[in-house]
file target-v5.cif (mmCIF, C-alpha atoms and all ligand atoms)
data_my_file
loop_
_atom_site.label_atom_id
_atom_site.label_comp_id
_atom_site.auth_asym_id
_atom_site.auth_seq_id
_atom_site.Cartn_x
_atom_site.Cartn_y
_atom_site.Cartn_z
CA MET Y 749 -22.89 -17.19 -4.48
CA ASP Y 750 -19.42 -15.66 -4.67
CA GLU Y 751 -19.17 -12.29 -6.31
CA GLU Y 752 -17.48 -12.39 -9.68
CA VAL Y 753 -13.85 -11.36 -9.38
CA LEU Y 754 -12.67 -8.87 -11.99
CA THR Y 755 -8.99 -9.72 -11.61
CA THR Y 756 -6.26 -10.60 -9.13
CA LEU Y 757 -3.90 -7.77 -8.27
CA LYS Y 758 -0.43 -8.07 -6.80
CA ILE Y 759 0.26 -5.41 -4.17
CA LEU Y 760 3.56 -4.90 -2.35
CA ILE Y 761 4.13 -3.33 1.06
CA ILE Y 762 7.60 -1.83 1.47
CA GLY Y 763 9.39 0.52 3.86
CA GLU Y 764 11.89 0.58 6.72
CA SER Y 765 11.87 -2.00 9.50
CA GLY Y 766 9.39 -1.26 12.29
CA VAL Y 767 7.19 1.26 10.45
CA GLY Y 768 4.19 -1.09 10.67
CA LYS Y 769 4.01 -2.88 7.33
CA SER Y 770 2.93 -6.22 8.83
CA SER Y 771 0.56 -4.45 11.21
CA ILE Y 772 -1.16 -2.67 8.30
CA LEU Y 773 -1.50 -5.97 6.47
CA VAL Y 774 -2.93 -7.75 9.51
CA ARG Y 775 -5.32 -4.85 10.21
CA PHE Y 776 -6.55 -4.89 6.63
CA THR Y 777 -6.89 -8.68 6.20
CA GLU Y 778 -7.89 -9.79 9.71
CA ASP Y 779 -8.95 -6.54 11.43
CA ASN Y 780 -6.50 -7.23 14.22
CA PHE Y 781 -3.59 -5.43 15.87
CA ASP Y 782 -0.71 -6.95 17.82
CA PRO Y 783 1.32 -4.47 19.90
CA ASP Y 784 4.10 -7.06 19.93
CA GLN Y 785 4.07 -7.77 16.19
CA THR Y 786 7.26 -9.72 15.44
CA LEU Y 787 9.56 -8.63 12.64
CA THR Y 788 9.17 -10.18 9.21
CA ILE Y 789 11.81 -12.61 8.02
CA GLY Y 790 11.78 -12.90 4.22
CA VAL Y 791 8.32 -12.45 2.74
CA ASP Y 792 4.81 -12.85 4.10
CA PHE Y 793 1.78 -13.14 1.84
CA LYS Y 794 -1.96 -12.72 2.37
CA THR Y 795 -5.00 -12.49 0.11
CA LYS Y 796 -8.26 -10.60 0.48
CA LYS Y 797 -11.19 -9.72 -1.75
CA LEU Y 798 -12.10 -6.05 -1.98
CA THR Y 799 -14.99 -4.33 -3.75
CA VAL Y 800 -14.32 -0.83 -5.06
CA ASP Y 801 -16.85 1.08 -7.18
CA ASP Y 802 -18.87 -2.18 -7.59
CA ASN Y 803 -15.84 -4.04 -8.99
CA THR Y 804 -14.60 -6.95 -6.87
CA VAL Y 805 -10.91 -7.77 -7.08
CA LYS Y 806 -8.75 -10.29 -5.27
CA LEU Y 807 -5.64 -8.79 -3.73
CA ALA Y 808 -2.47 -10.81 -3.26
CA ILE Y 809 -0.56 -8.68 -0.77
CA TRP Y 810 3.15 -9.27 -0.25
CA ASP Y 811 4.76 -8.01 2.93
CA THR Y 812 8.54 -7.98 2.96
CA ALA Y 813 11.13 -7.58 5.70
CA GLY Y 814 12.33 -4.01 6.12
CA GLN Y 815 15.64 -5.22 7.50
CA GLU Y 816 18.30 -5.48 4.82
CA ARG Y 817 19.68 -8.81 6.05
CA PHE Y 818 16.35 -10.56 5.45
CA ARG Y 819 15.87 -9.19 1.96
CA THR Y 820 17.07 -11.92 -0.37
CA LEU Y 821 14.11 -12.30 -2.72
CA THR Y 822 13.93 -8.74 -4.01
CA PRO Y 823 13.57 -9.17 -7.80
CA SER Y 824 10.92 -11.92 -7.64
CA TYR Y 825 9.09 -9.98 -4.95
CA TYR Y 826 8.66 -6.99 -7.27
CA ARG Y 827 7.82 -8.90 -10.45
CA ASP Y 828 4.41 -8.12 -12.04
CA ALA Y 829 3.15 -6.04 -9.10
CA GLN Y 830 0.44 -3.54 -10.09
CA GLY Y 831 0.52 -1.56 -6.85
CA ALA Y 832 2.91 -0.65 -4.05
CA ILE Y 833 2.27 0.73 -0.58
CA LEU Y 834 5.29 2.61 0.78
CA VAL Y 835 5.04 2.94 4.54
CA TYR Y 836 6.85 5.33 6.88
CA ASP Y 837 6.37 6.05 10.58
CA VAL Y 838 5.15 9.64 11.24
CA THR Y 839 7.01 9.56 14.59
CA ASN Y 840 10.38 8.67 13.01
CA TYR Y 841 11.73 11.16 10.45
CA SER Y 842 14.48 8.85 9.17
CA THR Y 843 11.85 6.37 7.91
CA PHE Y 844 10.31 9.21 5.86
CA ALA Y 845 13.74 10.27 4.54
CA LYS Y 846 14.30 6.69 3.35
CA LEU Y 847 11.22 6.76 1.08
CA GLU Y 848 13.39 8.07 -1.73
CA THR Y 849 15.49 4.88 -1.54
CA TRP Y 850 12.39 2.70 -1.56
CA LEU Y 851 11.04 4.56 -4.60
CA ASN Y 852 14.38 3.95 -6.35
CA GLU Y 853 14.19 0.28 -5.51
CA LEU Y 854 10.68 0.14 -7.00
CA GLU Y 855 11.96 1.90 -10.11
CA THR Y 856 14.79 -0.61 -10.44
CA TYR Y 857 12.91 -3.84 -9.89
CA SER Y 858 9.27 -3.34 -10.85
CA THR Y 859 8.43 -4.83 -14.24
CA LYS Y 860 5.43 -2.54 -14.82
CA ALA Y 861 6.36 1.05 -15.65
CA ASN Y 862 2.99 2.45 -14.54
CA ILE Y 863 2.77 0.64 -11.17
CA VAL Y 864 0.51 2.66 -8.84
CA LYS Y 865 2.19 3.92 -5.67
CA MET Y 866 0.61 4.92 -2.35
CA ILE Y 867 2.61 6.49 0.47
CA VAL Y 868 1.22 5.73 3.93
CA GLY Y 869 2.28 7.73 6.99
CA ASN Y 870 1.55 5.21 9.76
CA LYS Y 871 1.20 5.47 13.59
CA ILE Y 872 -0.81 8.72 13.66
CA ASP Y 873 -2.28 7.57 16.99
CA LYS Y 874 1.07 8.38 18.63
CA GLU Y 875 1.83 11.83 20.01
CA ASN Y 876 5.51 12.30 19.24
CA ARG Y 877 5.09 13.13 15.55
CA GLU Y 878 8.23 14.07 13.58
CA VAL Y 879 6.86 14.33 10.03
CA ASN Y 880 4.17 16.87 9.28
CA ARG Y 881 1.40 16.16 6.84
CA GLU Y 882 2.21 19.06 4.47
CA GLU Y 883 5.79 17.97 3.92
CA ALA Y 884 4.72 14.39 3.24
CA MET Y 885 1.95 15.47 0.85
CA LYS Y 886 4.43 17.65 -1.03
CA PHE Y 887 6.80 14.70 -1.34
CA ALA Y 888 3.97 12.48 -2.60
CA ARG Y 889 2.92 15.08 -5.15
CA ARG Y 890 6.48 15.48 -6.41
CA HIS Y 891 6.77 11.74 -6.90
CA GLN Y 892 3.25 11.37 -8.32
CA THR Y 893 2.06 8.95 -5.68
CA LEU Y 894 -1.15 8.72 -3.69
CA TYR Y 895 -0.91 9.69 -0.03
CA ILE Y 896 -2.73 8.92 3.19
CA GLU Y 897 -2.04 8.97 6.91
CA ALA Y 898 -3.06 5.91 8.91
CA SER Y 899 -2.90 3.96 12.13
CA ALA Y 900 -2.81 0.18 12.09
CA LYS Y 901 -3.59 0.40 15.80
CA THR Y 902 -6.82 2.43 15.56
CA ARG Y 903 -7.77 1.37 11.95
CA ASP Y 904 -7.75 4.97 10.68
CA GLY Y 905 -6.95 5.16 6.97
CA VAL Y 906 -6.03 1.49 6.50
CA GLN Y 907 -9.05 0.31 4.50
CA CYS Y 908 -9.02 3.58 2.59
CA ALA Y 909 -5.38 3.16 1.55
CA PHE Y 910 -6.17 -0.16 -0.15
CA GLU Y 911 -9.43 1.10 -1.68
CA GLU Y 912 -7.79 4.18 -3.15
CA LEU Y 913 -4.88 2.18 -4.52
CA VAL Y 914 -7.19 -0.38 -6.16
CA HIS Y 915 -9.39 2.38 -7.57
CA LYS Y 916 -6.37 3.95 -9.26
CA ILE Y 917 -5.07 0.59 -10.56
CA ILE Y 918 -8.44 -0.21 -12.15
CA GLN Y 919 -8.39 3.22 -13.77
CA THR Y 920 -4.90 2.75 -15.24
CA PRO Y 921 -5.06 1.42 -18.80
CA GLY Y 922 -2.95 -1.65 -19.54
CA LEU Y 923 -1.98 -2.30 -15.94
CA TRP Y 924 -4.24 -5.21 -15.07
CA GLU Y 925 -6.44 -6.26 -18.04
CA SER Y 926 -4.13 -9.04 -19.24
CA PHE Y 927 -4.38 -10.60 -15.78
CA ALA Y 928 -8.17 -10.82 -15.92
CA LEU Y 929 -9.52 -14.30 -16.55
CA ASN Y 930 -12.28 -12.99 -18.76
CA GLY Y 931 -12.23 -9.84 -20.88
CA ASN Y 932 -15.99 -9.24 -20.76
CA PHE Y 933 -16.13 -7.42 -17.46
CA GLN Y 934 -17.41 -3.88 -17.45
CA VAL Y 935 -15.47 -1.61 -15.15
CA ASP Y 936 -17.88 0.43 -13.11
CA ASN Y 937 -16.44 3.91 -12.81
CA LYS Y 938 -18.54 5.80 -10.30
CA ASP Y 939 -18.00 9.48 -9.61
CA HIS Y 940 -14.71 9.81 -7.84
CA PRO Y 941 -12.37 12.71 -7.17
CA SER Y 942 -9.45 12.64 -9.59
CA ASP Y 943 -7.02 14.37 -7.23
CA SER Y 944 -4.15 11.90 -7.04
CA SER Y 945 -2.46 13.40 -4.00
CA SER Y 946 -5.14 12.93 -1.37
CA CYS Y 947 -7.55 10.27 -0.29
CA TYR Y 948 -11.29 10.79 -0.50
CA CYS Y 949 -11.98 8.74 2.60
CA SER Y 950 -12.21 10.91 5.66
CA LEU Y 951 -9.98 10.46 8.68
CA THR Y 952 -11.52 10.98 12.06
N1 LIG Z 1 1.12 2.88 18.16
C1 LIG Z 1 1.23 2.20 17.03
N2 LIG Z 1 2.09 1.16 16.91
C2 LIG Z 1 2.16 0.50 15.73
C3 LIG Z 1 1.34 0.86 14.61
N3 LIG Z 1 1.65 0.02 13.58
C4 LIG Z 1 2.60 -0.81 14.04
N4 LIG Z 1 2.91 -0.55 15.32
C5 LIG Z 1 3.90 -1.25 16.18
O1 LIG Z 1 5.19 -1.04 15.61
C6 LIG Z 1 5.98 -2.21 15.74
C7 LIG Z 1 6.50 -2.67 14.38
O2 LIG Z 1 5.41 -3.07 13.59
P1 LIG Z 1 5.54 -4.12 12.38
O3 LIG Z 1 4.20 -4.24 11.76
O4 LIG Z 1 6.22 -5.39 12.83
O5 LIG Z 1 6.58 -3.33 11.44
P2 LIG Z 1 7.21 -3.81 10.04
O6 LIG Z 1 7.33 -2.60 9.20
O7 LIG Z 1 6.42 -4.94 9.47
O8 LIG Z 1 8.68 -4.32 10.49
P3 LIG Z 1 9.66 -5.38 9.71
O9 LIG Z 1 8.96 -6.70 9.71
O10 LIG Z 1 10.92 -5.42 10.53
O11 LIG Z 1 9.93 -4.84 8.35
C8 LIG Z 1 5.11 -3.27 16.45
O12 LIG Z 1 5.39 -3.23 17.84
C9 LIG Z 1 3.69 -2.76 16.17
O13 LIG Z 1 2.77 -3.17 17.18
C10 LIG Z 1 0.43 1.96 14.76
O14 LIG Z 1 -0.31 2.37 13.86
N5 LIG Z 1 0.41 2.59 15.99
#

call {"tool": "encode", "arguments": {"input": "target-v5.cif", "output": "structure tokens"}}
result
Amino acid sequence: MDEEVLTTLKILIIGESGVGKSSILVRFTEDNFDPDQTLTIGVDFKTKKLTVDDNTVKLAIWDTAGQERFRTLTPSYYRDAQGAILVYDVTNYSTFAKLETWLNELETYSTKANIVKMIVGNKIDKENREVNREEAMKFARRHQTLYIEASAKTRDGVQCAFEELVHKIIQTPGLWESFALNGNFQVDNKDHPSDSSSCYCSLT
């Protein structure tokens, strides 16, 4: 029998073109990686069930085009989202510098004031790194977001990014309860580090 689903959560993936947003989504939902991943035109959408701390949720994950010219659906894309994954490429400093703009866009369009944000530094499998971990963690702390480094290519950090984000959403009062089909669910809150600036999953 299917596990009972606590709620459906809307998660966005945003960031500059080419940072690996679609690759992270495909890695998470299909456990696949395409070195020739084509660019996203408009919006792509995938769903996946995830169990965190014994609570099963259904994720509706929206992947949008990083390129400005394909971004025509912005306000409806952001509406009612409970979580956002902001991706940059650790080998391209300008994609990190643009995070501020993406955070502003979230601020402008998201309809939930307490939307949970996770910054993901992607492509850590590559050698030509331009953004160091400390600077990125400092940025995340300043903006009160979660932070993790990942590689859609090698899988590192991808599952963890979604788990940590969902954990925090479930913990945030008023963010998801009205979306639950049934109010009788008991949220199972296992021991978990409360540090909001780092992920508890280990990266190898
Ligand atoms: N080495 C390496 N390459 C990656 C990684 N993630 C994505 N790529 C590659 O980077 C390129 C861009 O990836 P996409 O997933 O299309 O990037 P995107 O952010 O969705 O781009 P837009 O659709 O234009 O917004 C593709 O060639 C991917 O194969 C990674 O973790 N490591």

call {"tool": "closest_residue", "arguments": {"input": "target-v5.cif", "among": "Y:Ile759, Y:Val767, Y:Val753, Y:Met866", "to": "ligand LIG 1 (chain Z)", "atoms": "all atoms listed in the file"}}
result
Y:Val767

call {"tool": "residues_near_ligand", "arguments": {"input": "target-v5.cif", "ligand": "ligand LIG 1 (chain Z)", "cutoff": "10 Å", "atoms": "only C-alpha atoms and all ligand atoms", "output": "count of residues only"}}
result
57

call {"tool": "closest_residue", "arguments": {"input": "target-v5.cif", "among": "Y:Val800, Y:Ala888, Y:Val805, Y:Leu834", "to": "Glu751 of chain Y", "atoms": "only C-alpha atoms"}}
result
Y:Val805

call {"tool": "residues_around", "arguments": {"input": "target-v5.cif", "residues": "Ser858 of chain Y", "least_positions_apart": "5", "cutoff": "8 Å", "atoms": "all atoms listed in the file", "output": "PyMOL selection string"}}
result
chain Y and resi 823+826-829+863

call {"tool": "closest_residue", "arguments": {"input": "target-v5.cif", "among": "Y:Gln907, Y:Gln892, Y:Asn862, Y:Asn880", "to": "Gln919 of chain Y", "atoms": "only C-alpha atoms"}}
result
Y:Asn862

call {"tool": "atom_distance", "arguments": {"input": "target-v5.cif", "atom1": "atom CA of Leu757 of chain Y", "atom2": "atom CA of Thr822 of chain Y"}}
result
18.4 Å

call {"tool": "atom_distance", "arguments": {"input": "target-v5.cif", "atom1": "atom CA of Glu925 of chain Y", "atom2": "atom CA of Ile867 of chain Y"}}
result
24.2 Å

call {"tool": "atom_distance", "arguments": {"input": "target-v5.cif", "atom1": "atom CA of Glu853 of chain Y", "atom2": "atom CA of Val914 of chain Y"}}
result
21.4 Å

call {"tool": "decode", "arguments": {"input": "target-v5.cif", "residues": "segment 882-908 of chain Y", "atoms": "N, CA, C and O atoms", "output": "CSV table (one decimal), in the first residue's frame"}}
result
chain,number,residue,atom,x,y,z
Y,882,GLU,N,33.7,28.9,2.1
Y,882,GLU,CA,33.5,29.8,3.2
Y,882,GLU,C,32.7,31.1,2.8
Y,882,GLU,O,31.8,31.5,3.5
Y,883,GLU,N,33.1,31.6,1.6
Y,883,GLU,CA,32.4,32.8,1.1
Y,883,GLU,C,30.9,32.5,0.9
Y,883,GLU,O,30.0,33.3,1.3
Y,884,ALA,N,30.6,31.4,0.3
Y,884,ALA,CA,29.3,31.0,0.0
Y,884,ALA,C,28.5,30.8,1.3
Y,884,ALA,O,27.3,31.2,1.4
Y,885,MET,N,29.1,30.1,2.3
Y,885,MET,CA,28.4,29.9,3.5
Y,885,MET,C,28.1,31.2,4.3
Y,885,MET,O,27.0,31.3,4.9
Y,886,LYS,N,29.0,32.1,4.2
Y,886,LYS,CA,28.8,33.4,4.8
Y,886,LYS,C,27.6,34.1,4.2
Y,886,LYS,O,26.8,34.7,4.8
Y,887,PHE,N,27.6,34.1,2.8
Y,887,PHE,CA,26.5,34.7,2.1
Y,887,PHE,C,25.1,34.0,2.5
Y,887,PHE,O,24.2,34.7,2.8
Y,888,ALA,N,25.1,32.7,2.6
Y,888,ALA,CA,23.9,32.0,3.0
Y,888,ALA,C,23.5,32.4,4.4
Y,888,ALA,O,22.3,32.6,4.7
Y,889,ARG,N,24.5,32.5,5.3
Y,889,ARG,CA,24.1,32.9,6.7
Y,889,ARG,C,23.5,34.3,6.7
Y,889,ARG,O,22.5,34.5,7.4
Y,890,ARG,N,24.2,35.2,6.0
Y,890,ARG,CA,23.7,36.6,6.0
Y,890,ARG,C,22.2,36.6,5.4
Y,890,ARG,O,21.4,37.5,5.9
Y,891,HIS,N,21.9,35.8,4.5
Y,891,HIS,CA,20.6,35.8,3.9
Y,891,HIS,C,19.6,34.8,4.6
Y,891,HIS,O,18.5,34.5,4.0
Y,892,GLN,N,20.1,34.2,5.6
Y,892,GLN,CA,19.3,33.2,6.4
Y,892,GLN,C,18.7,32.1,5.5
Y,892,GLN,O,17.5,31.8,5.4
Y,893,THR,N,19.6,31.5,4.7
Y,893,THR,CA,19.2,30.4,3.8
Y,893,THR,C,20.0,29.2,4.2
Y,893,THR,O,21.1,29.3,4.8
Y,894,LEU,N,19.5,28.0,3.9
Y,894,LEU,CA,20.3,26.8,4.0
Y,894,LEU,C,21.4,26.8,2.9
Y,894,LEU,O,21.3,27.5,2.0
Y,895,TYR,N,22.4,25.9,3.1
Y,895,TYR,CA,23.5,25.9,2.1
Y,895,TYR,C,24.0,24.5,2.0
Y,895,TYR,O,24.2,23.8,3.0
Y,896,ILE,N,24.3,24.1,0.7
Y,896,ILE,CA,25.0,22.8,0.5
Y,896,ILE,C,25.8,22.9,-0.8
Y,896,ILE,O,25.4,23.7,-1.7
Y,897,GLU,N,26.8,22.2,-0.9
Y,897,GLU,CA,27.5,22.0,-2.2
Y,897,GLU,C,27.1,20.7,-2.8
Y,897,GLU,O,26.9,19.7,-2.1
Y,898,ALA,N,27.1,20.6,-4.1
Y,898,ALA,CA,26.6,19.4,-4.8
Y,898,ALA,C,27.2,19.2,-6.2
Y,898,ALA,O,27.9,20.1,-6.7
Y,899,SER,N,26.9,18.0,-6.7
Y,899,SER,CA,27.3,17.7,-8.1
Y,899,SER,C,26.1,16.9,-8.6
Y,899,SER,O,25.9,15.8,-8.2
Y,900,ALA,N,25.5,17.4,-9.6
Y,900,ALA,CA,24.4,16.6,-10.3
Y,900,ALA,C,25.1,15.5,-11.0
Y,900,ALA,O,24.5,14.4,-11.3
Y,901,LYS,N,26.3,15.7,-11.4
Y,901,LYS,CA,27.0,14.6,-12.2
Y,901,LYS,C,27.4,13.4,-11.3
Y,901,LYS,O,27.1,12.3,-11.7
Y,902,THR,N,27.9,13.7,-10.1
Y,902,THR,CA,28.3,12.5,-9.2
Y,902,THR,C,27.3,12.2,-8.2
Y,902,THR,O,27.5,11.2,-7.4
Y,903,ARG,N,26.2,12.9,-8.1
Y,903,ARG,CA,25.1,12.7,-7.1
Y,903,ARG,C,25.4,13.4,-5.7
Y,903,ARG,O,24.4,13.6,-4.9
Y,904,ASP,N,26.6,13.8,-5.5
Y,904,ASP,CA,26.9,14.4,-4.1
Y,904,ASP,C,26.0,15.5,-3.8
Y,904,ASP,O,25.8,16.5,-4.6
Y,905,GLY,N,25.4,15.4,-2.6
Y,905,GLY,CA,24.6,16.5,-2.1
Y,905,GLY,C,23.2,16.7,-2.6
Y,905,GLY,O,22.5,17.5,-2.1
Y,906,VAL,N,22.9,16.1,-3.7
Y,906,VAL,CA,21.6,16.4,-4.4
Y,906,VAL,C,20.4,15.9,-3.5
Y,906,VAL,O,19.5,16.7,-3.2
Y,907,GLN,N,20.4,14.7,-3.1
Y,907,GLN,CA,19.3,14.1,-2.3
Y,907,GLN,C,19.2,14.9,-1.0
Y,907,GLN,O,18.2,15.3,-0.5
Y,908,CYS,N,20.4,15.2,-0.4
Y,908,CYS,CA,20.5,15.9,0.8
Y,908,CYS,C,19.9,17.3,0.8
Y,908,CYS,O,19.2,17.8,1.7
